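Chemist: I'm passing along run.csv; it holds CSV, C-alpha atoms and all ligand atoms.
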chain,number,residue,atom,x,y,z
A,239,MET,CA,13.7,-67.5,93.7
A,240,SER,CA,12.7,-65.2,90.9
A,241,ARG,CA,13.4,-61.5,91.2
A,242,PHE,CA,10.1,-60.8,89.2
A,243,ILE,CA,6.8,-60.3,90.8
A,244,LYS,CA,3.7,-62.1,89.6
A,245,SER,CA,0.6,-60.2,88.6
A,246,PRO,CA,-2.3,-60.8,91.2
A,247,ILE,CA,-4.6,-61.3,88.2
A,248,HIS,CA,-4.3,-64.8,86.8
A,249,TYR,CA,-4.3,-64.4,83.1
A,250,MET,CA,-3.9,-66.9,80.3
A,251,GLY,CA,-1.0,-65.9,78.0
A,252,ASN,CA,0.8,-63.7,80.5
A,253,LYS,CA,4.5,-63.3,79.9
A,254,TYR,CA,5.8,-64.3,83.3
A,255,ASP,CA,7.7,-67.4,82.2
A,256,LEU,CA,9.5,-65.5,79.4
A,257,LEU,CA,10.2,-62.3,81.4
A,258,SER,CA,14.0,-62.8,81.8
A,259,SER,CA,14.5,-63.8,78.1
A,260,ILE,CA,12.5,-60.7,77.0
A,261,LEU,CA,14.0,-58.3,79.5
A,262,GLU,CA,17.6,-59.1,78.6
A,263,GLN,CA,16.8,-57.9,75.0
A,264,LEU,CA,15.4,-54.6,76.0
A,265,PRO,CA,17.5,-51.4,75.9
A,266,PRO,CA,19.1,-50.0,79.1
A,267,LYS,CA,17.1,-47.8,81.4
A,268,GLU,CA,19.0,-44.6,80.4
A,269,GLU,CA,17.9,-45.0,76.7
A,270,VAL,CA,14.2,-45.1,77.3
A,271,SER,CA,12.1,-42.1,78.1
A,272,VAL,CA,8.7,-43.9,78.1
A,273,PHE,CA,8.0,-47.6,77.9
A,274,TYR,CA,4.7,-48.5,76.2
A,275,ASP,CA,3.2,-51.9,77.1
A,276,LEU,CA,0.8,-51.8,74.1
A,277,PHE,CA,-1.2,-54.9,75.0
A,278,GLY,CA,-0.8,-54.9,78.8
A,279,GLY,CA,-3.1,-57.7,79.9
A,280,SER,CA,-2.3,-58.8,83.4
A,281,GLY,CA,0.3,-56.1,83.7
A,282,THR,CA,3.1,-58.7,84.1
A,283,VAL,CA,5.5,-56.9,81.8
A,284,SER,CA,4.7,-53.3,83.0
A,285,LEU,CA,5.2,-54.4,86.6
A,286,ASN,CA,8.7,-55.8,85.9
A,287,VAL,CA,10.4,-53.6,83.4
A,288,PRO,CA,13.1,-51.3,84.9
A,289,TYR,CA,12.0,-48.0,83.3
A,290,ASP,CA,11.0,-44.8,85.1
A,291,HIS,CA,7.9,-44.0,83.1
A,292,ILE,CA,5.6,-46.9,81.9
A,293,ILE,CA,2.4,-46.6,80.0
A,294,TYR,CA,0.3,-49.8,80.3
A,295,ASN,CA,-2.4,-49.9,77.6
A,296,GLU,CA,-5.3,-52.4,77.3
A,297,LEU,CA,-8.6,-52.6,75.5
A,298,ASN,CA,-10.4,-54.7,78.0
A,299,ASP,CA,-11.8,-52.3,80.6
A,300,ASN,CA,-12.3,-55.0,83.2
A,301,MET,CA,-8.5,-55.7,83.3
A,302,VAL,CA,-7.7,-52.0,83.5
A,303,ASN,CA,-10.3,-51.4,86.2
A,304,LEU,CA,-8.9,-54.4,88.2
A,305,LEU,CA,-5.4,-53.0,88.0
A,306,LYS,CA,-6.6,-49.5,89.0
A,307,MET,CA,-8.3,-51.1,92.0
A,308,ILE,CA,-5.1,-52.9,92.9
A,309,LYS,CA,-3.2,-49.6,92.5
A,310,GLU,CA,-5.6,-47.4,94.5
A,311,VAL,CA,-7.2,-49.6,97.2
A,312,GLU,CA,-5.2,-50.9,100.2
A,313,PRO,CA,-4.5,-54.6,99.6
A,314,GLN,CA,-5.7,-55.4,103.2
A,315,GLU,CA,-9.1,-54.0,102.3
A,316,ILE,CA,-9.3,-56.2,99.2
A,317,ILE,CA,-8.2,-59.3,101.0
A,318,ALA,CA,-10.7,-58.7,103.8
A,319,HIS,CA,-13.4,-58.3,101.2
A,320,ILE,CA,-12.6,-61.6,99.6
A,321,LYS,CA,-12.5,-63.4,103.0
A,322,LYS,CA,-15.9,-61.8,103.9
A,323,ARG,CA,-17.4,-63.3,100.7
A,324,ILE,CA,-15.8,-66.7,101.4
A,325,LYS,CA,-17.7,-66.7,104.7
A,326,GLU,CA,-20.9,-65.3,103.4
A,327,PHE,CA,-21.2,-67.7,100.5
A,328,ASN,CA,-19.3,-70.6,102.0
A,329,LEU,CA,-16.9,-70.8,99.1
A,330,ASN,CA,-14.2,-73.4,99.1
A,331,GLU,CA,-10.9,-72.4,100.7
A,332,GLU,CA,-7.3,-73.4,100.6
A,333,GLY,CA,-7.2,-76.9,102.0
A,334,THR,CA,-10.7,-77.6,100.6
A,335,ASP,CA,-9.5,-76.7,97.2
A,336,THR,CA,-11.0,-79.3,94.8
A,337,ARG,CA,-7.7,-79.5,93.0
A,338,GLN,CA,-6.1,-80.9,96.2
A,339,ASN,CA,-8.2,-83.3,98.1
A,340,ILE,CA,-11.8,-83.4,97.0
A,341,ALA,CA,-11.4,-83.5,93.2
A,342,ASP,CA,-12.8,-87.0,93.1
A,343,ASN,CA,-15.7,-86.4,95.4
A,344,GLU,CA,-18.5,-85.4,93.0
A,345,GLU,CA,-20.9,-84.5,95.8
A,346,VAL,CA,-18.5,-82.0,97.5
A,347,ARG,CA,-17.5,-80.6,94.2
A,348,GLU,CA,-21.1,-80.0,93.3
A,349,TYR,CA,-21.7,-78.4,96.6
A,350,TYR,CA,-18.9,-75.8,96.0
A,351,ASN,CA,-20.1,-75.4,92.4
A,352,GLN,CA,-23.5,-74.3,93.7
A,353,ARG,CA,-21.8,-71.9,96.3
A,354,TYR,CA,-19.9,-70.3,93.4
A,355,LEU,CA,-23.0,-70.0,91.3
A,356,GLU,CA,-24.8,-68.3,94.2
A,357,PHE,CA,-22.0,-65.8,94.5
A,358,ARG,CA,-21.9,-65.2,90.7
A,359,LYS,CA,-25.7,-64.6,90.8
A,360,PHE,CA,-25.3,-62.1,93.6
A,361,TYR,CA,-22.6,-60.3,91.6
A,362,ASN,CA,-24.7,-60.1,88.4
A,363,GLU,CA,-27.7,-58.8,90.3
A,364,SER,CA,-25.8,-56.3,92.4
A,365,GLU,CA,-24.2,-52.9,91.7
A,366,LYS,CA,-21.2,-54.9,90.4
A,367,ASP,CA,-18.4,-54.0,92.9
A,368,ILE,CA,-15.0,-54.5,91.2
A,369,LYS,CA,-13.8,-56.2,94.3
A,370,ASP,CA,-16.5,-58.9,93.7
A,371,LEU,CA,-15.4,-59.4,90.1
A,372,TYR,CA,-11.9,-59.8,91.3
A,373,ALA,CA,-13.0,-62.3,94.0
A,374,LEU,CA,-15.1,-64.3,91.5
A,375,SER,CA,-12.1,-64.8,89.2
A,376,PHE,CA,-10.4,-67.0,91.9
A,377,TRP,CA,-13.1,-69.6,91.6
A,378,SER,CA,-13.9,-69.3,87.9
A,379,PHE,CA,-12.9,-71.8,85.2
A,380,CYS,CA,-9.1,-71.2,84.5
A,381,ASN,CA,-9.6,-67.9,86.4
A,382,LEU,CA,-11.1,-66.5,83.3
A,383,MET,CA,-13.5,-63.6,83.1
A,384,ARG,CA,-16.2,-63.5,80.4
A,385,PHE,CA,-19.5,-61.8,80.1
A,386,ASN,CA,-22.7,-62.5,78.1
A,387,SER,CA,-24.4,-59.8,75.9
A,388,ASN,CA,-26.2,-58.5,79.0
A,389,ASN,CA,-22.9,-57.9,80.7
A,390,GLU,CA,-23.4,-60.8,83.1
A,391,PHE,CA,-20.4,-62.7,84.3
A,392,ASN,CA,-20.9,-66.2,82.9
A,393,MET,CA,-17.8,-68.3,83.6
A,394,PRO,CA,-18.5,-71.7,85.1
A,395,TYR,CA,-16.9,-73.0,88.3
A,396,GLY,CA,-13.2,-73.9,88.0
A,397,ASN,CA,-12.3,-76.2,90.9
A,398,ARG,CA,-10.0,-73.6,92.3
A,399,CYS,CA,-9.9,-70.9,95.0
A,400,TYR,CA,-8.3,-67.9,96.6
A,401,ILE,CA,-5.1,-68.9,98.4
A,402,GLU,CA,-2.7,-66.9,100.8
A,403,GLU,CA,-0.2,-66.6,98.0
A,404,ASP,CA,-2.7,-64.5,96.1
A,405,GLY,CA,-2.8,-62.0,98.9
A,406,ILE,CA,1.0,-61.8,98.8
A,407,ARG,CA,0.9,-61.0,95.1
A,408,LEU,CA,-1.7,-58.3,95.7
A,409,ILE,CA,0.5,-56.6,98.3
A,410,GLU,CA,3.6,-56.8,96.1
A,411,CYS,CA,1.8,-55.4,93.1
A,412,HIS,CA,0.3,-52.6,95.1
A,413,ASN,CA,3.7,-51.7,96.4
A,414,ARG,CA,5.2,-51.8,92.9
A,415,PHE,CA,2.5,-49.3,91.8
A,416,LEU,CA,3.6,-47.0,94.7
A,417,GLU,CA,7.3,-47.2,93.8
A,418,LYS,CA,6.9,-46.8,90.0
A,419,ASN,CA,5.3,-44.4,87.6
A,420,ILE,CA,2.9,-46.9,85.8
A,421,GLU,CA,0.1,-45.1,84.0
A,422,LEU,CA,-2.9,-47.3,83.4
A,423,ARG,CA,-4.7,-46.5,80.1
A,424,GLN,CA,-7.8,-48.1,78.7
A,425,GLY,CA,-8.1,-48.0,74.9
A,426,ASP,CA,-7.4,-49.3,71.5
A,427,THR,CA,-3.7,-49.6,70.8
A,428,PHE,CA,-4.1,-48.4,67.2
A,429,GLU,CA,-5.5,-45.1,68.6
A,430,LEU,CA,-2.6,-44.8,70.9
A,431,LEU,CA,-0.1,-45.5,68.2
A,432,LYS,CA,-1.6,-42.7,66.1
A,433,THR,CA,-0.4,-40.2,68.8
A,434,ILE,CA,3.2,-41.2,68.3
A,435,THR,CA,4.6,-39.1,65.5
A,436,LYS,CA,8.3,-38.5,66.4
A,437,ASN,CA,11.1,-40.2,68.1
A,438,GLU,CA,11.4,-38.9,71.7
A,439,GLY,CA,13.2,-41.9,73.1
A,440,GLN,CA,10.1,-44.1,73.5
A,441,PHE,CA,10.2,-47.8,73.5
A,442,LEU,CA,7.3,-50.0,72.4
A,443,TYR,CA,6.6,-53.5,73.6
A,444,SER,CA,3.9,-55.4,71.7
A,445,ASP,CA,2.2,-58.6,73.0
A,446,SER,CA,-0.9,-58.6,70.8
A,447,PRO,CA,-3.4,-61.5,70.9
A,448,TYR,CA,-2.1,-64.6,69.1
A,449,THR,CA,-3.9,-65.1,65.8
A,450,ALA,CA,-3.5,-68.9,65.9
A,451,SER,CA,-4.6,-69.3,69.5
A,452,THR,CA,-8.0,-69.8,71.1
A,453,ALA,CA,-7.6,-67.4,74.0
A,454,ILE,CA,-10.8,-65.9,75.2
A,455,TYR,CA,-9.6,-62.3,74.6
A,456,ASN,CA,-9.6,-63.2,70.8
A,457,GLU,CA,-13.4,-63.5,70.8
A,458,SER,CA,-14.8,-60.8,68.7
A,459,ARG,CA,-17.9,-60.4,70.8
A,460,ALA,CA,-15.9,-59.6,73.9
A,461,PHE,CA,-12.9,-57.6,73.0
A,462,GLY,CA,-12.9,-56.3,69.4
A,463,GLY,CA,-11.4,-59.5,67.9
A,464,TRP,CA,-8.0,-60.2,66.5
A,465,GLY,CA,-6.9,-61.9,63.3
A,466,ILE,CA,-4.4,-61.7,60.4
A,467,GLU,CA,-5.9,-58.3,59.3
A,468,GLU,CA,-5.1,-56.8,62.7
A,469,ASP,CA,-1.6,-58.4,62.6
A,470,GLU,CA,-1.0,-56.7,59.2
A,471,GLN,CA,-2.3,-53.4,60.5
A,472,LEU,CA,0.1,-53.6,63.5
A,473,PHE,CA,3.0,-54.5,61.2
A,474,LYS,CA,2.3,-51.3,59.3
A,475,GLU,CA,2.4,-49.3,62.5
A,476,LEU,CA,5.6,-51.0,63.7
A,477,ASP,CA,7.2,-50.3,60.3
A,478,ARG,CA,6.2,-46.7,60.7
A,479,MET,CA,7.9,-46.6,64.1
A,480,THR,CA,11.1,-48.1,62.6
A,481,SER,CA,11.1,-45.3,60.0
A,482,LEU,CA,10.8,-42.8,62.8
A,483,GLY,CA,13.8,-44.4,64.5
A,484,ILE,CA,11.7,-45.7,67.4
A,485,LYS,CA,12.7,-49.1,68.8
A,486,TRP,CA,10.3,-51.9,69.6
A,487,ALA,CA,10.0,-55.5,70.6
A,488,TYR,CA,7.2,-57.8,69.4
A,489,SER,CA,6.2,-61.1,71.0
A,490,ASN,CA,4.3,-63.8,69.2
A,491,VAL,CA,4.3,-67.4,68.2
A,492,LEU,CA,5.4,-68.6,64.8
A,493,ALA,CA,3.7,-72.0,65.3
A,494,ILE,CA,1.3,-73.4,67.8
A,495,LYS,CA,-0.7,-76.6,67.9
A,496,GLY,CA,0.3,-77.6,64.4
A,497,ARG,CA,-0.6,-74.2,62.9
A,498,THR,CA,1.9,-71.7,61.6
A,499,ASN,CA,2.0,-67.9,61.4
A,500,ASP,CA,3.9,-67.6,58.2
A,501,HIS,CA,2.8,-64.0,57.7
A,502,ILE,CA,4.7,-62.9,60.8
A,503,GLU,CA,7.9,-64.7,59.8
A,504,ASN,CA,7.6,-63.3,56.2
A,505,TRP,CA,7.1,-59.7,57.5
A,506,ALA,CA,10.1,-59.9,59.9
A,507,LYS,CA,12.4,-61.4,57.2
A,508,ARG,CA,11.2,-59.0,54.5
A,509,ASN,CA,12.1,-56.0,56.7
A,510,GLY,CA,15.4,-57.4,58.1
A,511,TYR,CA,14.1,-57.5,61.7
A,512,THR,CA,15.8,-59.8,64.2
A,513,ILE,CA,13.9,-63.0,65.2
A,514,ILE,CA,14.9,-64.4,68.6
A,515,GLU,CA,13.5,-67.8,69.1
A,516,PHE,CA,12.9,-69.1,72.6
A,517,ASP,CA,13.0,-72.7,73.6
A,518,TYR,CA,10.0,-74.8,72.9
A,519,LYS,CA,7.4,-74.5,75.6
A,520,GLU,CA,4.6,-76.8,76.6
A,521,TYR,CA,1.3,-74.9,76.4
A,522,SER,CA,-1.8,-75.9,78.3
A,523,SER,CA,-4.8,-74.6,76.4
A,524,LEU,CA,-8.0,-74.5,78.3
A,525,GLY,CA,-7.8,-78.1,79.3
A,526,LYS,CA,-7.5,-79.3,75.7
A,527,GLY,CA,-4.1,-80.8,76.3
A,528,ASN,CA,-0.7,-79.4,75.5
A,529,ALA,CA,0.7,-78.0,72.3
A,530,ASN,CA,4.3,-77.1,71.4
A,531,ALA,CA,4.6,-73.4,70.6
A,532,ARG,CA,7.4,-71.6,68.7
A,533,GLU,CA,7.6,-68.5,70.9
A,534,VAL,CA,9.6,-65.6,69.4
A,535,LEU,CA,10.6,-62.0,70.2
A,536,ILE,CA,11.1,-59.9,67.0
A,537,ILE,CA,13.1,-56.7,67.4
A,538,ASN,CA,14.0,-53.8,65.1
A,539,TYR,CA,17.5,-53.3,66.6
A,540,PRO,CA,20.6,-55.6,67.0
A,541,GLN,CA,20.2,-58.5,69.4
A,542,ARG,CA,22.0,-58.2,72.7
A,543,VAL,CA,24.3,-61.1,73.5
A,544,LYS,CA,24.1,-62.1,77.1
A,545,LYS,CA,27.4,-61.6,79.0
A,546,TYR,CA,27.8,-64.5,81.4
A,547,SER,CA,29.2,-64.0,84.9
A,548,ILE,CA,30.7,-66.7,87.1
A,549,PHE,CA,27.7,-66.3,89.4
A,550,ASP,CA,25.4,-67.6,86.7
A,551,PHE,CA,26.9,-71.0,87.2
A,552,LEU,CA,26.6,-71.2,90.9
A,553,ASP,CA,23.6,-72.5,92.7
B,1,LIG,C1,-1.4,-61.8,74.8
B,1,LIG,S1,-2.4,-60.7,75.8
B,1,LIG,C2,-1.2,-59.7,76.6
B,1,LIG,C3,-0.6,-60.4,77.8
B,1,LIG,C4,0.3,-59.6,78.7
B,1,LIG,N1,1.5,-59.3,78.0
B,1,LIG,C5,0.5,-60.2,80.0
B,1,LIG,O1,1.7,-60.5,80.3
B,1,LIG,O2,-0.4,-60.4,80.8
B,1,LIG,C6,-3.1,-59.6,74.6
B,1,LIG,C7,-4.0,-58.5,75.2
B,1,LIG,O3,-4.4,-57.6,74.2
B,1,LIG,C8,-5.6,-57.1,74.5
B,1,LIG,N2,-6.2,-56.4,73.2
B,1,LIG,C9,-6.8,-57.0,72.2
B,1,LIG,N3,-7.0,-56.1,71.2
B,1,LIG,C10,-6.6,-54.9,71.7
B,1,LIG,C11,-6.5,-53.6,71.1
B,1,LIG,N4,-7.0,-53.4,69.9
B,1,LIG,N5,-5.9,-52.6,71.8
B,1,LIG,C12,-5.4,-52.9,73.1
B,1,LIG,N6,-5.4,-54.1,73.7
B,1,LIG,C13,-6.0,-55.1,73.0
B,1,LIG,C14,-6.4,-58.3,75.0
B,1,LIG,O4,-7.5,-57.9,75.8
B,1,LIG,C15,-5.3,-59.0,75.8
B,1,LIG,O5,-5.4,-58.6,77.2
Starting from the file, give its structure as structure tokens.
Ligand SMILES: C[S@@+](CC[C@H](N)C(=O)[O-])C[C@H]1O[C@@H](n2cnc3c(N)ncnc32)[C@H](O)[C@@H]1O
Modeler:
Amino acid sequence: MSRFIKSPIHYMGNKYDLLSSILEQLPPKEEVSVFYDLFGGSGTVSLNVPYDHIIYNELNDNMVNLLKMIKEVEPQEIIAHIKKRIKEFNLNEEGTDTRQNIADNEEVREYYNQRYLEFRKFYNESEKDIKDLYALSFWSFCNLMRFNSNNEFNMPYGNRCYIEEDGIRLIECHNRFLEKNIELRQGDTFELLKTITKNEGQFLYSDSPYTASTAIYNESRAFGGWGIEEDEQLFKELDRMTSLGIKWAYSNVLAIKGRTNDHIENWAKRNGYTIIEFDYKEYSSLGKGNANAREVLIINYPQRVKKYSIFDFLD
């Protein structure tokens, strides 16, 4: 069983599967005064790093507000709210999950689709309680959250539902927020980076949107957009941090779905940064099939070589 906790927010591109490979490259706790999770997303990294002071930063205010809710509201209250909505709208539940036993039954699927659309309509016409947005995400397509220009939630039904494990994740995450000092900050990373002007033992972790991917958070309309220009702007900032003596780690993909990110590899090589390549991983991209991705961690300090213990080889 993994020692890491999963974020209660299902989020495409979260770093859960790579956590142990990333964490073993990060500096020891004593060396880091503040850990900055520059592109925090689901909070997966912030929730699992060992540091005493963590600043989670994210541009998407929905994500930040959801994590604030999880931090501040008793998990039992959130779970009770979701269960109340399941009853009120007759949403499909664990056991009636269309991924399990009714996927082939078009009629049943359509019934639950209509129930979901009813709940979505209710949310869009209401005061927009954040607990309802959270609840909606369990039934939405790939658990994604997207809004139209009128700020109406417009994700279609996703053949999925809230399950008991989601409640457990919620409780674990809430408890982690109680145990650790994790500040939740909403804003543009580039603005945050401007405030860092000297080395005070900070460590920066960057998991910016992937230029070559089709993730929804890359859409310019929704979240500011991300492309090669933003990559280059971030490289300049990371180079500035290096000249201040501040350590950082940067996650990205050098290739995905037959596309390459040569500008990233060139930047890292030009500056003598260390490129750590992870094993090839199968990526499921919005139901469009799988693509092999060349996942890397680029760091501006020497790579740590894992020391094996006899226990690593025991079951
Ligand atoms: C690859 S995801 C991060 C995933 C995260 N590490 C996790 O484990 O869930 C990149 C995130 O950057 C956010 N983002 C995009 N542009 C941003 C900006 N200028 N400042 C801060 N966050 C930004 C996106 O909304 C998205 O959540």
Chemist: Enter the distance from atom CA of Leu482 of chain A to atom O5 of ligand LIG 1 (chain B), in Å, rounded to one decimal.
Modeler: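 Value for the atom CA of Leu482 of chain A-atom O5 of ligand LIG 1 (chain B) distance: 26.8 Å.
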Chemist: For Phe516 of chain A, find every residue with an atom within 9 Å (counting only C-alpha atoms), except residues of its own chain fewer than 3 positions away, and show them as number ranges by chain.
Modeler: A: 256, 259, 519, 532-535
Chemist: Per residue of chain A within 8 Å of ligand LIG 1 (chain B), what are the shortest atom pair and its distance in Å to one decimal, counting only C-alpha atoms and all ligand atoms, with rows by chain and residue number, as a Markdown table?
Modeler:
| residue | atom | partner | partner_atom | distance |
| --- | --- | --- | --- | --- |
| A:Ser245 | CA | B:LIG1 | O2 | 7.9 |
| A:Tyr249 | CA | B:LIG1 | O2 | 6.0 |
| A:Met250 | CA | B:LIG1 | O2 | 7.4 |
| A:Gly251 | CA | B:LIG1 | C1 | 5.2 |
| A:Asn252 | CA | B:LIG1 | O1 | 3.3 |
| A:Lys253 | CA | B:LIG1 | O1 | 4.0 |
| A:Tyr254 | CA | B:LIG1 | O1 | 6.3 |
| A:Asp275 | CA | B:LIG1 | N1 | 7.6 |
| A:Leu276 | CA | B:LIG1 | C12 | 6.4 |
| A:Phe277 | CA | B:LIG1 | O3 | 4.3 |
| A:Gly278 | CA | B:LIG1 | C4 | 4.8 |
| A:Gly279 | CA | B:LIG1 | O5 | 3.7 |
| A:Ser280 | CA | B:LIG1 | O2 | 3.6 |
| A:Gly281 | CA | B:LIG1 | O2 | 5.2 |
| A:Thr282 | CA | B:LIG1 | O1 | 4.4 |
| A:Val283 | CA | B:LIG1 | O1 | 5.4 |
| A:Asn295 | CA | B:LIG1 | C12 | 6.2 |
| A:Glu296 | CA | B:LIG1 | N6 | 4.0 |
| A:Leu297 | CA | B:LIG1 | N6 | 4.0 |
| A:Asn298 | CA | B:LIG1 | O4 | 4.8 |
| A:Met301 | CA | B:LIG1 | O5 | 7.4 |
| A:Gln424 | CA | B:LIG1 | C12 | 7.8 |
| A:Gly425 | CA | B:LIG1 | C12 | 5.9 |
| A:Asp426 | CA | B:LIG1 | N5 | 3.6 |
| A:Thr427 | CA | B:LIG1 | N5 | 3.9 |
| A:Phe428 | CA | B:LIG1 | N4 | 6.4 |
| A:Ser444 | CA | B:LIG1 | N1 | 7.8 |
| A:Asp445 | CA | B:LIG1 | C2 | 5.1 |
| A:Ser446 | CA | B:LIG1 | C6 | 4.5 |
| A:Pro447 | CA | B:LIG1 | C6 | 4.2 |
| A:Tyr448 | CA | B:LIG1 | C1 | 6.4 |
| A:Tyr455 | CA | B:LIG1 | O4 | 5.0 |
| A:Asn456 | CA | B:LIG1 | C9 | 6.9 |
| A:Phe461 | CA | B:LIG1 | O4 | 6.1 |
| A:Gly462 | CA | B:LIG1 | N3 | 6.2 |
| A:Gly463 | CA | B:LIG1 | N3 | 6.5 |
| A:Trp464 | CA | B:LIG1 | N3 | 6.3 |
Chemist: Kindly indicate which residue among A:Leu305, A:Ile260, A:Val272, A:Ala531 lies nearest to Ile484 of chain A, using all atoms listed in the file for the distances.
Modeler: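 Closest to Ile484 of chain A, using all atoms listed in the file: A:Val272.
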Chemist: Go ahead and compute the interatomic distance for atom CA of Asp255 of chain A and atom CA of Asp517 of chain A, in Å to one decimal.
Modeler: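 A separation of 11.4 Å between them.
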Chemist: Nearest to Tyr400 of chain A among A:Phe415, A:Phe360, A:Tyr539, A:Trp377, with distances taken over all atoms listed in the file: which residue is it?
Modeler: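 Among A:Phe415, A:Phe360, A:Tyr539, A:Trp377, it is A:Trp377 that comes nearest to Tyr400 of chain A.
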Chemist: Please tell me which residues are no farther than 10 Å from (-19.5, -77.0, 106.4) in the file, counting all atoms listed in the file, and write them as a compact mmCIF listing (two decimals) with C-alpha atoms, in the coordinates of the input.
Modeler:
# COMPACT_ATOMS: atom_id res chain seq x y z
CA ASN A 328 -19.30 -70.60 102.00
CA LEU A 329 -16.90 -70.80 99.10
CA ASN A 330 -14.20 -73.40 99.10
Chemist: Counting all atoms listed in the file, note down every residue that has an atom within 12 Å of the point (-21.6, -61.7, 80.8) (file coordinates), as a list in words.
Modeler: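 The answer, in the requested form, is Asn300, Arg358, Lys359, Tyr361, Asn362, Glu363, Lys366, Leu371, Leu382, Met383, Arg384, Phe385, Asn386, Ser387, Asn388, Asn389, Glu390, Phe391, Asn392, Met393, Pro394, Arg459 and Ala460 of chain A.
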Chemist: How far is it from atom CA of Glu344 of chain A to atom CA of Asn381 of chain A, in Å with one decimal?
Modeler: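 If I compute the distance from atom CA of Glu344 of chain A to atom CA of Asn381 of chain A, I get 20.7 Å.
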Chemist: Here is a test: counting only C-alpha atoms, which residue of A:Ile324, A:Leu304, A:Ile466, A:Val311 is nearest to Tyr350 of chain A?
Modeler: A:Ile324
Chemist: Looking at all atoms listed in the file, which of A:Ser489, A:Ile537, A:Lys369, A:Phe357 is the one that sits closest to Leu257 of chain A?
Modeler: A:Ser489
Chemist: Do a neighbour search on Phe376 of chain A at 9 Å with all atoms listed in the file, toss out local chain neighbours closer than 4 positions, and write the hits as a short mmCIF file (atom, residue, chain, number, x, y, z; two decimals) with C-alpha atoms, keeping the file's coordinate frame.
Modeler:
data_model
loop_
_atom_site.label_atom_id
_atom_site.label_comp_id
_atom_site.auth_asym_id
_atom_site.auth_seq_id
_atom_site.Cartn_x
_atom_site.Cartn_y
_atom_site.Cartn_z
CA ILE A 247 -4.60 -61.30 88.20
CA HIS A 248 -4.30 -64.80 86.80
CA TYR A 372 -11.90 -59.80 91.30
CA CYS A 380 -9.10 -71.20 84.50
CA ASN A 381 -9.60 -67.90 86.40
CA LEU A 382 -11.10 -66.50 83.30
CA GLY A 396 -13.20 -73.90 88.00
CA ARG A 398 -10.00 -73.60 92.30
CA CYS A 399 -9.90 -70.90 95.00
CA TYR A 400 -8.30 -67.90 96.60
CA ILE A 401 -5.10 -68.90 98.40
#
